[in-house]
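Content type mmCIF, C-alpha atoms, from the file query12.cif:
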data_start
#
loop_
_atom_site.group_PDB
_atom_site.id
_atom_site.type_symbol
_atom_site.label_atom_id
_atom_site.label_comp_id
_atom_site.auth_asym_id
_atom_site.auth_seq_id
_atom_site.Cartn_x
_atom_site.Cartn_y
_atom_site.Cartn_z
ATOM 1 C CA MET R 1 175.329 162.757 177.191
ATOM 2 C CA LEU R 2 174.001 165.234 179.745
ATOM 3 C CA GLU R 3 175.115 168.143 177.572
ATOM 4 C CA LYS R 4 171.992 167.557 175.454
ATOM 5 C CA PHE R 5 169.879 168.562 178.429
ATOM 6 C CA PHE R 6 171.914 171.591 179.399
ATOM 7 C CA SER R 7 172.916 173.059 176.046
ATOM 8 C CA LYS R 8 170.848 175.782 174.496
ATOM 9 C CA LYS R 9 169.804 175.224 170.911
ATOM 10 C CA LEU R 10 171.366 177.881 168.705
ATOM 11 C CA GLU R 11 169.066 180.264 166.859
ATOM 12 C CA PHE R 12 169.637 181.057 163.198
ATOM 13 C CA ASP R 13 168.237 183.531 160.716
ATOM 14 C CA VAL R 14 168.086 182.516 157.054
ATOM 15 C CA LEU R 15 169.163 185.528 155.013
ATOM 16 C CA PRO R 16 170.177 186.232 151.418
ATOM 17 C CA MET R 17 173.827 185.351 150.868
ATOM 18 C CA GLU R 18 176.167 188.314 150.453
ATOM 19 C CA MET R 19 179.757 188.533 149.280
ATOM 20 C CA ALA R 20 180.828 188.831 152.939
ATOM 21 C CA HIS R 21 179.612 185.237 153.461
ATOM 22 C CA CYS R 22 181.745 183.679 150.698
ATOM 23 C CA ARG R 23 184.727 182.831 152.905
ATOM 24 C CA ALA R 24 182.571 181.120 155.548
ATOM 25 C CA ALA R 25 180.661 179.195 152.847
ATOM 26 C CA SER R 26 183.985 178.093 151.374
ATOM 27 C CA VAL R 27 185.139 176.732 154.738
ATOM 28 C CA ILE R 28 181.904 174.757 155.178
ATOM 29 C CA HIS R 29 182.091 173.476 151.584
ATOM 30 C CA GLY R 30 185.660 172.313 152.177
ATOM 31 C CA GLU R 31 184.573 170.423 155.300
ATOM 32 C CA ARG R 32 181.667 168.715 153.549
ATOM 33 C CA PHE R 33 182.990 167.948 150.048
ATOM 34 C CA SER R 34 186.163 166.231 148.901
ATOM 35 C CA ARG R 35 186.855 169.104 146.486
ATOM 36 C CA GLY R 36 185.897 172.263 148.274
ATOM 37 C CA TRP R 37 185.163 175.486 146.459
ATOM 38 C CA SER R 38 187.322 178.532 147.142
ATOM 39 C CA ASP R 39 185.853 181.784 148.382
ATOM 40 C CA GLY R 40 186.705 183.165 144.928
ATOM 41 C CA GLU R 41 184.522 180.517 143.297
ATOM 42 C CA PHE R 42 181.651 181.433 145.621
ATOM 43 C CA HIS R 43 182.243 185.103 144.877
ATOM 44 C CA ASP R 44 182.178 184.479 141.109
ATOM 45 C CA LEU R 45 178.990 182.415 141.310
ATOM 46 C CA LEU R 46 177.202 184.873 143.570
ATOM 47 C CA GLY R 47 178.141 187.675 141.175
ATOM 48 C CA GLN R 48 176.096 186.078 138.369
ATOM 49 C CA ASN R 49 172.585 187.467 138.006
ATOM 50 C CA THR R 50 171.150 183.948 137.556
ATOM 51 C CA VAL R 51 172.587 182.724 140.874
ATOM 52 C CA SER R 52 171.076 183.331 144.282
ATOM 53 C CA GLY R 53 172.016 182.078 147.689
ATOM 54 C CA PHE R 54 171.075 182.002 151.336
ATOM 55 C CA VAL R 55 172.963 181.554 154.571
ATOM 56 C CA ALA R 56 171.887 180.376 157.986
ATOM 57 C CA LEU R 57 173.427 183.015 160.236
ATOM 58 C CA GLN R 58 173.594 182.508 163.970
ATOM 59 C CA SER R 59 171.478 185.233 165.544
ATOM 60 C CA GLY R 60 173.414 188.151 166.936
ATOM 61 C CA LEU R 61 176.713 187.511 165.122
ATOM 62 C CA ALA R 62 178.450 189.500 162.401
ATOM 63 C CA PRO R 63 177.781 188.518 158.748
ATOM 64 C CA ALA R 64 181.168 186.837 158.296
ATOM 65 C CA ASP R 65 180.881 184.992 161.631
ATOM 66 C CA GLY R 66 178.311 182.466 162.706
ATOM 67 C CA VAL R 67 177.462 181.078 159.274
ATOM 68 C CA GLY R 68 175.986 177.662 159.998
ATOM 69 C CA GLY R 69 175.185 176.768 156.412
ATOM 70 C CA PHE R 70 174.577 177.991 152.874
ATOM 71 C CA VAL R 71 172.727 177.116 149.696
ATOM 72 C CA LEU R 72 173.324 178.340 146.131
ATOM 73 C CA ALA R 73 170.884 177.972 143.234
ATOM 74 C CA ARG R 74 170.921 178.952 139.580
ATOM 75 C CA THR R 75 167.708 179.789 137.708
ATOM 76 C CA ALA R 76 167.329 180.132 133.949
ATOM 77 C CA ALA R 77 164.605 179.511 131.375
ATOM 78 C CA GLY R 78 162.070 178.184 133.884
ATOM 79 C CA GLU R 79 164.436 175.681 135.473
ATOM 80 C CA ALA R 80 166.558 175.873 138.580
ATOM 81 C CA GLU R 81 169.483 173.876 139.872
ATOM 82 C CA ILE R 82 170.704 173.627 143.429
ATOM 83 C CA LEU R 83 174.416 174.194 142.854
ATOM 84 C CA SER R 84 175.492 173.368 146.382
ATOM 85 C CA ILE R 85 174.281 173.237 149.951
ATOM 86 C CA GLY R 86 176.295 172.679 153.089
ATOM 87 C CA VAL R 87 175.749 172.825 156.826
ATOM 88 C CA ASN R 88 178.542 173.097 159.369
ATOM 89 C CA ALA R 89 178.975 169.608 160.857
ATOM 90 C CA ARG R 90 178.806 170.996 164.419
ATOM 91 C CA MET R 91 175.388 172.473 163.615
ATOM 92 C CA ALA R 92 173.908 169.465 161.857
ATOM 93 C CA ARG R 93 170.524 168.060 162.846
ATOM 94 C CA GLN R 94 169.107 171.472 163.732
ATOM 95 C CA GLY R 95 166.947 171.853 160.623
ATOM 96 C CA LEU R 96 169.291 174.246 158.844
ATOM 97 C CA GLY R 97 169.357 172.232 155.619
ATOM 98 C CA TRP R 98 165.545 172.172 155.554
ATOM 99 C CA ARG R 99 165.297 175.914 156.177
ATOM 100 C CA LEU R 100 167.957 176.740 153.582
ATOM 101 C CA MET R 101 166.300 174.562 150.952
ATOM 102 C CA ARG R 102 162.872 176.090 151.667
ATOM 103 C CA ALA R 103 164.361 179.576 151.194
ATOM 104 C CA ALA R 104 166.045 178.529 147.943
ATOM 105 C CA LEU R 105 162.853 176.927 146.626
ATOM 106 C CA ALA R 106 160.779 180.018 147.424
ATOM 107 C CA ASP R 107 163.392 182.153 145.665
ATOM 108 C CA VAL R 108 163.496 180.054 142.484
ATOM 109 C CA VAL R 109 159.685 180.154 142.319
ATOM 110 C CA ALA R 110 159.899 183.954 142.517
ATOM 111 C CA ARG R 111 162.380 183.742 139.625
ATOM 112 C CA ASP R 112 159.780 181.826 137.571
ATOM 113 C CA ALA R 113 161.256 178.321 137.871
ATOM 114 C CA THR R 114 158.809 175.455 137.579
ATOM 115 C CA THR R 115 161.336 172.626 137.932
ATOM 116 C CA VAL R 116 164.365 172.213 140.193
ATOM 117 C CA PHE R 117 167.224 169.759 139.735
ATOM 118 C CA LEU R 118 170.109 168.731 141.963
ATOM 119 C CA GLU R 119 172.768 166.060 142.204
ATOM 120 C CA VAL R 120 173.609 164.195 145.383
ATOM 121 C CA ASP R 121 176.178 161.543 146.217
ATOM 122 C CA GLU R 122 174.498 158.147 146.520
ATOM 123 C CA THR R 123 176.266 157.635 149.855
ATOM 124 C CA ASN R 124 174.853 160.836 151.415
ATOM 125 C CA ALA R 125 171.810 159.296 153.101
ATOM 126 C CA ALA R 126 170.983 162.397 155.171
ATOM 127 C CA ALA R 127 170.881 164.667 152.107
ATOM 128 C CA ARG R 128 168.881 162.142 150.078
ATOM 129 C CA ALA R 129 166.344 161.905 152.924
ATOM 130 C CA LEU R 130 166.064 165.701 153.105
ATOM 131 C CA TYR R 131 165.478 165.990 149.374
ATOM 132 C CA ALA R 132 162.886 163.189 149.415
ATOM 133 C CA LYS R 133 161.090 164.940 152.288
ATOM 134 C CA LEU R 134 160.986 168.090 150.137
ATOM 135 C CA GLY R 135 159.439 166.089 147.273
ATOM 136 C CA PHE R 136 162.464 165.521 145.026
ATOM 137 C CA GLN R 137 162.512 162.270 143.074
ATOM 138 C CA LYS R 138 165.459 160.461 141.536
ATOM 139 C CA VAL R 139 165.303 160.750 137.747
ATOM 140 C CA ALA R 140 168.783 159.610 136.690
ATOM 141 C CA GLU R 141 172.105 158.341 137.938
ATOM 142 C CA ARG R 142 175.645 159.281 136.935
ATOM 143 C CA PRO R 143 177.959 156.357 137.690
ATOM 144 C CA ALA R 144 181.395 157.077 139.195
ATOM 145 C CA TYR R 145 180.642 160.808 139.307
ATOM 146 C CA TYR R 146 182.096 161.680 142.701
ATOM 147 C CA ALA R 147 185.575 160.772 143.934
ATOM 148 C CA GLY R 148 186.147 160.444 147.666
ATOM 149 C CA PRO R 149 189.399 161.335 149.439
ATOM 150 C CA ASP R 150 190.388 157.661 149.167
ATOM 151 C CA GLY R 151 189.830 157.760 145.382
ATOM 152 C CA LYS R 152 186.717 155.569 145.558
ATOM 153 C CA LYS R 153 184.114 156.595 142.979
ATOM 154 C CA THR R 154 180.432 156.874 143.829
ATOM 155 C CA ALA R 155 177.372 157.625 141.735
ATOM 156 C CA ALA R 156 175.462 160.886 141.650
ATOM 157 C CA HIS R 157 171.700 160.684 141.919
ATOM 158 C CA VAL R 158 170.061 163.325 139.753
ATOM 159 C CA MET R 159 166.889 164.469 141.477
ATOM 160 C CA ARG R 160 164.009 166.597 140.252
ATOM 161 C CA LEU R 161 161.235 168.557 141.894
ATOM 162 C CA ASP R 162 158.299 169.847 139.875
ATOM 163 C CA LEU R 163 157.025 172.971 141.547
ATOM 164 C CA ASN R 164 153.266 173.261 141.626
ATOM 165 C CA VAL R 165 153.173 176.881 140.692
ATOM 166 C CA SER R 166 149.984 178.379 139.396
ATOM 167 C CA ARG R 167 150.610 181.574 137.527
ATOM 168 C CA PRO R 168 148.043 183.812 135.931
ATOM 169 C CA ALA R 169 147.861 183.327 132.190
ATOM 170 C CA ARG R 170 149.637 186.032 130.260
ATOM 171 C CA SER R 171 147.380 187.902 127.946
ATOM 172 C CA ALA R 172 148.421 188.411 124.372
ATOM 173 C CA LYS R 173 149.061 191.988 123.374
ATOM 174 C CA PRO R 174 146.664 193.315 120.730
#
Go ahead and render the structure in this file as structure tokens.
Amino acid sequence: MLEKFFSKKLEFDVLPMEMAHCRAASVIHGERFSRGWSDGEFHDLLGQNTVSGFVALQSGLAPADGVGGFVLARTAAGEAEILSIGVNARMARQGLGWRLMRAALADVVARDATTVFLEVDETNAAARALYAKLGFQKVAERPAYYAGPDGKKTAAHVMRLDLNVSRPARSAKP
């Protein structure tokens, strides 16, 4: 209990995800989801021009080390989807999920998205609270979508965020 008083809070930089981060993201994904994605799957996704990502990198460490979390998003035709987000369990409750989501949201706005969707396991109260704090609202439910390690099925909540983006009107060409 006293370690709370004597431990230094780790500092993280949120940076664009690079191929060098795929292995670390895969490890975190495997810890947080019953069917983890391989580093090859991360590599393939990150190689798509519609996909962007960010990592929370512990300050002062090499790119492949010190990854505390990641987020991946896909943007197309004015809509974005958060493909996955994960924070290392040892680094939870330090605001990394919030910071990663804010970076992803700013990025999808820059990519002209006006709406963002995501899916979250109904049993993941911490993630649902984060998304609600960011303004996401539940718009649908997919029953028995996720399967836990024990085989128990849980629903996915489909959540949506409408981005209040004001863009200058495009003028018609003469």
Sorted per-residue table, range 43-125 of chain R near range 145-163 of chain R, closest atoms and distance, 9 Å, only C-alpha atoms, as JSON lines:
{"residue": "R:Leu105", "atom": "CA", "partner": "R:Leu163", "partner_atom": "CA", "distance": 8.7}
{"residue": "R:Val109", "atom": "CA", "partner": "R:Leu163", "partner_atom": "CA", "distance": 7.7}
{"residue": "R:Ala113", "atom": "CA", "partner": "R:Leu163", "partner_atom": "CA", "distance": 7.7}
{"residue": "R:Thr114", "atom": "CA", "partner": "R:Leu163", "partner_atom": "CA", "distance": 5.0}
{"residue": "R:Thr115", "atom": "CA", "partner": "R:Asp162", "partner_atom": "CA", "distance": 4.6}
{"residue": "R:Val116", "atom": "CA", "partner": "R:Leu161", "partner_atom": "CA", "distance": 5.1}
{"residue": "R:Phe117", "atom": "CA", "partner": "R:Arg160", "partner_atom": "CA", "distance": 4.5}
{"residue": "R:Leu118", "atom": "CA", "partner": "R:Met159", "partner_atom": "CA", "distance": 5.4}
{"residue": "R:Glu119", "atom": "CA", "partner": "R:Val158", "partner_atom": "CA", "distance": 4.6}
{"residue": "R:Val120", "atom": "CA", "partner": "R:His157", "partner_atom": "CA", "distance": 5.3}
{"residue": "R:Asp121", "atom": "CA", "partner": "R:Ala156", "partner_atom": "CA", "distance": 4.7}
{"residue": "R:Glu122", "atom": "CA", "partner": "R:Ala155", "partner_atom": "CA", "distance": 5.6}
{"residue": "R:Thr123", "atom": "CA", "partner": "R:Thr154", "partner_atom": "CA", "distance": 7.4}
> Could you pull the residues within 9 Å of range 77-93 of chain R, counting only C-alpha atoms, minus those fewer than 4 positions along the same chain, as an MDAnalysis selection string?
Replying inline: chainID R and resid 10 25 27:29 31:33 51 56 67:73 97 100:101 104:105 108:109 111:119
> What do you get, as number ranges by chain, if you spell out every residue that the PyMOL selection byres ((chain R and resi 18) around 9) selects here?
Replying inline: R: 15-17, 19-22, 43, 46, 53-55, 63
Need the axis-aligned box for range 34-44 of chain R with 8 Å each side, so what are the centre and edges in Å to one decimal, as lines of an AutoDock Vina configuration file?
center_x = 184.5
center_y = 175.7
center_z = 145.0
size_x = 21.7
size_y = 34.9
size_z = 23.8
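In this structure, CA of Ala110 in chain R sits 10.1 Å away from CA of Thr75 in chain R.
If you apply the PyMOL selection byres ((chain R and resi 39) around 7) to this structure, you end up with R:Cys22, R:Arg23, R:Ser26, R:Trp37, R:Ser38, R:Gly40, R:Glu41, R:Phe42, R:His43.
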Selection to disk with C-alpha atoms, as a compact mmCIF listing (two decimals), in the frame of the given file:
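Contents of the output file again-v1.txt:
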# COMPACT_ATOMS: atom_id res chain seq x y z
CA CYS R 22 181.74 183.68 150.70
CA ARG R 23 184.73 182.83 152.90
CA SER R 26 183.98 178.09 151.37
CA TRP R 37 185.16 175.49 146.46
CA SER R 38 187.32 178.53 147.14
CA GLY R 40 186.70 183.16 144.93
CA GLU R 41 184.52 180.52 143.30
CA PHE R 42 181.65 181.43 145.62
CA HIS R 43 182.24 185.10 144.88
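The nearest approach to Gly66 in chain R among the residues R:Gly36, R:Ala129, R:Gln137, R:Asp13, with only C-alpha atoms taken into account, belongs to R:Asp13.
Candidate residues R:Phe12, R:Arg35, R:Gln58, R:Arg102 were compared for distance to Leu134 in chain R, and the nearest is R:Arg102, using all atoms listed in the file.
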> CA of Ala76 in chain R and CA of Asn49 in chain R, how far apart in Å?
Replying inline: 9.9 Å
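If you measure from each of R:Ala132, R:Ala144, R:Leu45, R:Leu57 to Ala24 in chain R using all atoms listed in the file, the closest one turns out to be R:Leu57.
With CA of Arg99 in chain R on one side and CA of Ser59 in chain R on the other, the separation reads 14.6 Å.
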